[in-house]
$ cat upload.tsv   # TSV, C-alpha atoms
chain	number	residue	atom	x	y	z
A	1	MET	CA	127.45	94.66	95.71
A	2	SER	CA	124.89	95.07	93.01
A	3	VAL	CA	121.18	94.41	93.57
A	4	SER	CA	118.89	93.70	90.63
A	5	VAL	CA	115.37	94.92	91.18
A	6	LEU	CA	112.10	94.04	89.46
A	7	LEU	CA	109.38	96.70	89.44
A	8	PHE	CA	105.69	96.13	88.89
A	9	ALA	CA	102.42	97.94	88.22
A	10	ARG	CA	102.44	101.67	89.03
A	11	ALA	CA	106.01	101.48	90.32
A	12	SER	CA	107.14	100.21	86.94
A	13	ASP	CA	105.08	102.84	85.09
A	14	LEU	CA	106.43	105.70	87.23
A	15	ALA	CA	110.04	104.54	86.90
A	16	GLY	CA	109.63	103.93	83.18
A	17	THR	CA	111.28	100.53	83.45
A	18	SER	CA	110.44	97.08	84.78
A	19	SER	CA	113.92	96.40	86.17
A	20	THR	CA	117.01	98.22	87.38
A	21	GLU	CA	120.28	97.68	89.24
A	22	LEU	CA	121.51	99.46	92.34
A	23	GLU	CA	125.04	99.46	93.75
A	24	PHE	CA	125.83	99.28	97.46
A	25	ASP	CA	129.10	99.12	99.41
A	26	GLU	CA	127.69	96.37	101.60
A	27	ASN	CA	124.43	94.47	102.00
A	28	PRO	CA	121.78	97.15	102.49
A	29	THR	CA	118.77	96.93	104.75
A	30	VAL	CA	115.41	97.08	103.05
A	31	ALA	CA	115.03	100.68	104.27
A	32	GLU	CA	118.40	101.62	102.75
A	33	PHE	CA	117.46	99.86	99.55
A	34	LYS	CA	114.16	101.76	99.30
A	35	LEU	CA	115.97	105.04	99.93
A	36	ALA	CA	118.45	104.32	97.14
A	37	LEU	CA	115.66	103.28	94.79
A	38	THR	CA	113.69	106.49	95.35
A	39	GLN	CA	116.90	108.51	94.90
A	40	GLN	CA	117.40	106.88	91.52
A	41	PHE	CA	113.72	107.32	90.63
A	42	PRO	CA	112.40	110.39	92.50
A	43	GLN	CA	109.05	109.87	90.77
A	44	LEU	CA	108.54	106.83	93.05
A	45	GLU	CA	108.39	109.19	96.03
A	46	VAL	CA	104.61	109.39	95.63
A	47	LEU	CA	104.47	105.65	96.46
A	48	SER	CA	107.38	105.47	98.86
A	49	LYS	CA	105.46	104.81	102.05
A	50	GLN	CA	103.42	102.10	100.37
A	51	LEU	CA	106.18	100.33	98.47
A	52	LEU	CA	106.48	96.66	99.34
A	53	VAL	CA	109.70	94.73	98.94
A	54	ALA	CA	110.06	91.01	98.31
A	55	VAL	CA	113.27	88.99	98.45
A	56	ASN	CA	113.25	85.55	96.86
A	57	ASN	CA	109.44	85.57	96.67
A	58	ASN	CA	108.85	86.58	100.30
A	59	TYR	CA	107.87	89.92	101.79
A	60	VAL	CA	110.58	91.58	103.87
A	61	GLN	CA	110.53	94.45	106.37
A	62	ASP	CA	112.53	97.68	106.59
A	63	GLY	CA	115.03	96.30	109.12
A	64	ASP	CA	115.83	93.12	107.18
A	65	ALA	CA	119.10	92.86	105.26
A	66	ILE	CA	119.13	92.12	101.56
A	67	PRO	CA	121.32	89.04	101.00
A	68	ASP	CA	123.76	88.47	98.15
A	69	ASN	CA	122.40	87.25	94.84
A	70	ALA	CA	118.80	87.73	95.90
A	71	GLU	CA	115.88	88.28	93.56
A	72	VAL	CA	114.48	91.59	94.77
A	73	ALA	CA	111.15	93.04	93.71
A	74	CYS	CA	109.51	96.30	94.63
A	75	PHE	CA	105.85	97.15	94.06
A	76	PRO	CA	102.80	98.98	95.42
A	77	PRO	CA	100.01	97.25	97.36
A	78	VAL	CA	98.55	94.30	95.48
A	79	SER	CA	95.05	94.32	93.96
A	80	GLY	CA	94.45	90.87	92.51
A	81	GLY	CA	91.20	88.98	92.64
B	82	MET	CA	101.93	70.71	104.95
B	83	SER	CA	101.98	70.42	101.21
B	84	PHE	CA	99.62	68.76	98.79
B	85	ASN	CA	100.09	65.96	96.41
B	86	GLU	CA	100.26	67.53	93.00
B	87	SER	CA	97.01	65.80	92.11
B	88	ASP	CA	95.17	67.51	95.02
B	89	CYS	CA	96.21	71.09	94.35
B	90	TRP	CA	95.96	73.15	91.17
B	91	ILE	CA	97.72	76.53	91.27
B	92	GLU	CA	98.14	78.46	88.07
B	93	LEU	CA	98.38	81.85	86.39
B	94	VAL	CA	96.73	81.82	82.99
B	95	ASP	CA	96.38	84.35	80.19
B	96	GLN	CA	93.25	82.83	78.67
B	97	PRO	CA	89.64	82.57	79.91
B	98	ILE	CA	89.25	80.16	82.84
B	99	ASP	CA	86.92	77.22	82.18
B	100	VAL	CA	85.07	76.95	85.48
B	101	SER	CA	83.64	73.54	84.63
B	102	VAL	CA	87.16	72.13	84.48
B	103	VAL	CA	87.90	73.61	87.92
B	104	GLN	CA	84.68	72.13	89.29
B	105	GLU	CA	85.61	68.75	87.88
B	106	PHE	CA	89.09	69.00	89.39
B	107	VAL	CA	87.95	69.70	92.96
B	108	THR	CA	85.04	67.27	92.92
B	109	THR	CA	85.96	63.97	94.57
B	110	ARG	CA	84.11	61.12	96.24
B	111	SER	CA	85.68	61.87	99.64
B	112	ALA	CA	84.05	65.32	99.68
B	113	GLY	CA	80.42	66.13	100.36
B	114	ALA	CA	80.82	69.81	99.52
B	115	VAL	CA	82.36	71.84	96.72
B	116	VAL	CA	82.55	75.63	96.84
B	117	LEU	CA	83.54	77.62	93.76
B	118	PHE	CA	84.24	81.34	93.92
B	119	LEU	CA	84.62	83.56	90.86
B	120	GLY	CA	85.95	87.10	90.99
B	121	THR	CA	84.51	88.92	87.98
B	122	VAL	CA	85.10	92.25	86.28
B	123	ARG	CA	82.59	94.78	87.61
B	124	GLU	CA	81.51	97.68	85.43
B	125	MET	CA	80.78	100.34	88.04
B	126	THR	CA	82.97	101.50	90.92
B	127	GLY	CA	80.90	104.14	92.64
B	128	GLU	CA	80.07	106.57	89.83
B	129	ARG	CA	82.96	105.49	87.61
B	130	GLN	CA	82.49	103.19	84.65
B	131	THR	CA	85.07	100.62	83.61
B	132	VAL	CA	85.35	99.17	80.13
B	133	ALA	CA	88.07	96.58	80.87
B	134	LEU	CA	90.70	95.61	83.42
B	135	ASP	CA	94.33	94.77	82.77
B	136	TYR	CA	95.93	92.35	85.23
B	137	GLN	CA	99.67	92.12	85.76
B	138	ALA	CA	101.42	89.54	87.95
B	139	TYR	CA	104.86	88.87	89.36
B	140	PRO	CA	104.52	85.27	88.20
B	141	GLU	CA	107.06	83.34	90.30
B	142	MET	CA	106.05	85.01	93.55
B	143	ALA	CA	102.33	84.90	92.74
B	144	VAL	CA	102.47	81.13	92.28
B	145	ALA	CA	104.61	80.73	95.42
B	146	LYS	CA	102.15	82.78	97.49
B	147	MET	CA	99.13	80.92	96.13
B	148	GLN	CA	100.80	77.65	97.09
B	149	GLU	CA	101.53	79.05	100.56
B	150	ILE	CA	97.89	80.09	101.01
B	151	ALA	CA	96.62	76.68	99.85
B	152	SER	CA	98.95	74.96	102.31
B	153	GLU	CA	97.78	77.19	105.16
B	154	ALA	CA	94.17	76.40	104.29
B	155	LYS	CA	94.98	72.70	104.35
B	156	GLU	CA	96.26	73.11	107.92
B	157	LYS	CA	92.98	74.71	109.00
B	158	TRP	CA	90.35	72.65	107.19
B	159	PRO	CA	90.04	69.04	105.94
B	160	ILE	CA	90.52	70.03	102.31
B	161	GLN	CA	90.32	67.22	99.78
B	162	LYS	CA	91.15	69.28	96.70
B	163	VAL	CA	91.86	72.92	96.07
B	164	ALA	CA	92.32	75.11	93.00
B	165	LEU	CA	93.53	78.73	92.84
B	166	ILE	CA	93.66	80.10	89.32
B	167	HIS	CA	94.28	83.74	88.46
B	168	ARG	CA	94.09	85.24	85.02
B	169	THR	CA	96.36	87.99	83.69
B	170	GLY	CA	96.15	90.34	80.72
B	171	ARG	CA	93.10	92.20	79.38
B	172	LEU	CA	89.71	91.18	80.79
B	173	GLU	CA	86.36	92.37	79.55
B	174	LEU	CA	83.36	93.09	81.75
B	175	ALA	CA	81.96	90.08	83.65
B	176	GLU	CA	84.90	87.84	82.80
B	177	ALA	CA	86.41	85.87	85.69
B	178	SER	CA	89.78	87.16	86.87
B	179	VAL	CA	90.12	84.54	89.58
B	180	VAL	CA	88.55	81.17	90.32
B	181	VAL	CA	88.84	79.47	93.70
B	182	GLY	CA	87.62	75.90	94.09
B	183	VAL	CA	87.71	73.81	97.24
B	184	SER	CA	86.18	70.56	98.42
B	185	THR	CA	85.77	69.22	101.97
B	186	PRO	CA	83.67	66.47	103.58
B	187	HIS	CA	81.08	69.01	104.87
B	188	ARG	CA	79.90	72.37	103.55
B	189	GLY	CA	80.83	74.59	106.48
B	190	ASP	CA	84.52	73.90	105.95
B	191	SER	CA	84.28	74.49	102.20
B	192	PHE	CA	82.67	77.90	102.68
B	193	ALA	CA	85.18	78.89	105.37
B	194	ALA	CA	88.17	77.66	103.38
B	195	GLY	CA	86.92	79.35	100.20
B	196	GLN	CA	86.55	82.66	102.03
B	197	PHE	CA	90.04	82.33	103.51
B	198	LEU	CA	91.59	81.46	100.15
B	199	ILE	CA	90.18	84.47	98.28
B	200	ASP	CA	90.70	86.89	101.19
B	201	GLU	CA	94.36	85.91	101.57
B	202	LEU	CA	94.92	85.90	97.82
B	203	LYS	CA	93.76	89.51	97.65
B	204	VAL	CA	96.08	90.53	100.49
B	205	ARG	CA	99.35	88.87	99.57
B	206	VAL	CA	99.48	87.48	96.04
B	207	PRO	CA	101.42	89.95	93.85
B	208	VAL	CA	98.87	90.66	91.13
B	209	TRP	CA	97.65	94.12	90.19
B	210	LYS	CA	94.68	95.41	88.24
B	211	ARG	CA	94.53	98.55	86.13
B	212	GLU	CA	91.21	100.21	85.42
B	213	ASN	CA	90.44	101.32	81.87
B	214	TRP	CA	87.81	103.96	82.54
B	215	VAL	CA	85.16	104.81	79.97
B	216	ASP	CA	86.71	108.29	79.51
B	217	GLY	CA	89.88	106.69	78.14
B	218	THR	CA	92.04	107.18	81.24
B	219	THR	CA	93.74	104.30	83.03
B	220	GLU	CA	94.52	103.85	86.71
B	221	TRP	CA	96.37	101.20	88.69
B	222	VAL	CA	94.48	99.97	91.72
B	223	HIS	CA	96.77	100.04	94.75
B	224	PRO	CA	94.71	99.81	97.94
B	225	GLY	CA	95.92	102.29	100.52
B	226	ALA	CA	98.38	103.94	98.13
B	227	ASP	CA	98.12	107.35	96.52
B	228	SER	CA	95.88	106.17	93.70
B	229	GLY	CA	93.46	109.04	94.01
B	230	LEU	CA	90.95	106.71	95.60
B	231	PRO	CA	90.64	106.04	99.32
B	232	ALA	CA	91.23	102.39	100.16
B	233	SER	CA	87.59	101.94	101.11
B	234	GLU	CA	86.56	102.97	97.60
B	235	SER	CA	89.25	101.11	95.73
B	236	PRO	CA	87.80	98.99	92.98
B	237	GLU	CA	87.61	95.32	93.71
B	238	SER	CA	86.49	92.64	91.37

$ encode --input "upload.tsv" --output "structure tokens"
Amino acid sequence: MSVSVLLFARASDLAGTSSTELEFDENPTVAEFKLALTQQFPQLEVLSKQLLVAVNNNYVQDGDAIPDNAEVACFPPVSGG
Amino acid sequence: MSFNESDCWIELVDQPIDVSVVQEFVTTRSAGAVVLFLGTVREMTGERQTVALDYQAYPEMAVAKMQEIASEAKEKWPIQKVALIHRTGRLELAEASVVVGVSTPHRGDSFAAGQFLIDELKVRVPVWKRENWVDGTTEWVHPGADSGLPASESPES
């Protein structure tokens, strides 16, 4: 399956793109997804422990599975306000 | 619990926020208290001087999370009207990046709800600020991340 990913803020700057696609044999967990993302963009390693993942506008945890056709976003801690 | 559309104003905007319009929106005859909170662009963070902030949002999720926070507040306090408006793009010093407005029958609930709304917004709404320091360098603010600043010293507006 292919997972489309949106990147924001410093994650987007480090990766040099605001979106990417990752391929998986089966639905990855969030931890597997983050591993694949940092393999594609090693420069994200500096943020890896802080990277947050959202699926369909909700935060998800490392053990959660990424469903088919989900909108996935990955970004560092938020700083609005 | 969700609001009637006429009781809840959630928006991301890329232009200056007119606070008087927000005040007018949350003011209602069933409320005896209105609290407005403005987050504004601060010049100094410790010894470092900012000339402007750039705000970026993940728009769909930011709006969804602001709606979620407003609904949670409505469960906790007798909110009559609520507004959560966040600005994006380039902001100059002292401009408002966020405006929170809330009205309740009595003031204690408005203060408590206003505090909850801005505190939760800062924790979970996907918006980020980037400092434009006076020396020409820029820096994303990511509390707790490897930004070069400890979380306790991270700039907040």

$ closest_atom_pairs --input "upload.tsv" --of "chain B" --to "chain A" --cutoff "7 Å" --atoms "all atoms listed in the file" --output "CSV"
residue,atom,partner,partner_atom,distance
B:Gly120,CA,A:Gly81,CA,5.8
B:Gln137,CA,A:Ala9,CA,6.9
B:Met142,CA,A:Asn57,CA,4.6
B:Ala145,CA,A:Asn57,CA,7.0
B:Ser178,CA,A:Gly81,CA,6.2
B:Val179,CA,A:Gly81,CA,5.5
B:Lys203,CA,A:Gly80,CA,5.4
B:Val204,CA,A:Val78,CA,6.7
B:Arg205,CA,A:Val78,CA,6.8
B:Val206,CA,A:Val78,CA,6.9
B:Pro207,CA,A:Val78,CA,5.5
B:Val208,CA,A:Gly80,CA,4.6
B:Trp209,CA,A:Ser79,CA,4.6
B:Lys210,CA,A:Ser79,CA,5.8
B:Trp221,CA,A:Arg10,CA,6.1
B:Val222,CA,A:Ser79,CA,6.1
B:His223,CA,A:Pro77,CA,5.0
B:Pro224,CA,A:Pro77,CA,5.9
B:Ala226,CA,A:Gln50,CA,5.8
B:Asp227,CA,A:Leu47,CA,6.6
B:Ser238,CA,A:Gly81,CA,6.1

$ atom_distance --input "upload.tsv" --atom1 "CA of Ser184 (chain B)" --atom2 "CA of Pro159 (chain B)"
8.6 Å

$ atom_distance --input "upload.tsv" --atom1 "CA of Ala164 (chain B)" --atom2 "CA of Gly182 (chain B)"
4.9 Å

$ atom_distance --input "upload.tsv" --atom1 "CA of Val53 (chain A)" --atom2 "CA of Val163 (chain B)"
28.3 Å

$ residues_around --input "upload.tsv" --residues "Ile98 (chain B)" --least-positions-apart "2" --cutoff "9 Å" --atoms "all atoms listed in the file" --output "list of chain:residue names"
B:Val94, B:Asp95, B:Gln96, B:Val100, B:Ser101, B:Val102, B:Val103, B:Ile166, B:His167, B:Arg168, B:Glu176, B:Ala177, B:Ser178, B:Val179, B:Val180

$ write_last_selection --input "upload.tsv" --atoms "C-alpha atoms" --output "PDB file, in the frame of the given file"
ATOM      1  CA  VAL B  94      96.730  81.820  82.990  1.00  0.00           C
ATOM      2  CA  ASP B  95      96.380  84.350  80.190  1.00  0.00           C
ATOM      3  CA  GLN B  96      93.250  82.830  78.670  1.00  0.00           C
ATOM      4  CA  VAL B 100      85.070  76.950  85.480  1.00  0.00           C
ATOM      5  CA  SER B 101      83.640  73.540  84.630  1.00  0.00           C
ATOM      6  CA  VAL B 102      87.160  72.130  84.480  1.00  0.00           C
ATOM      7  CA  VAL B 103      87.900  73.610  87.920  1.00  0.00           C
ATOM      8  CA  ILE B 166      93.660  80.100  89.320  1.00  0.00           C
ATOM      9  CA  HIS B 167      94.280  83.740  88.460  1.00  0.00           C
ATOM     10  CA  ARG B 168      94.090  85.240  85.020  1.00  0.00           C
ATOM     11  CA  GLU B 176      84.900  87.840  82.800  1.00  0.00           C
ATOM     12  CA  ALA B 177      86.410  85.870  85.690  1.00  0.00           C
ATOM     13  CA  SER B 178      89.780  87.160  86.870  1.00  0.00           C
ATOM     14  CA  VAL B 179      90.120  84.540  89.580  1.00  0.00           C
ATOM     15  CA  VAL B 180      88.550  81.170  90.320  1.00  0.00           C
TER      16      VAL B 180
END

$ residues_around --input "upload.tsv" --residues "Leu44 (chain A)" --least-positions-apart "6" --cutoff "8 Å" --atoms "only C-alpha atoms" --output "list in words"
Ala11, Leu14, Ala15 and Thr38 of chain A

$ residues_around --input "upload.tsv" --residues "Asn69 (chain A)" --least-positions-apart "2" --cutoff "12 Å" --atoms "all atoms listed in the file" --output "list in words"
Met1, Ser2, Val3, Ser4, Val5, Asn27, Val55, Asn56, Ile66, Pro67, Glu71 and Val72 of chain A
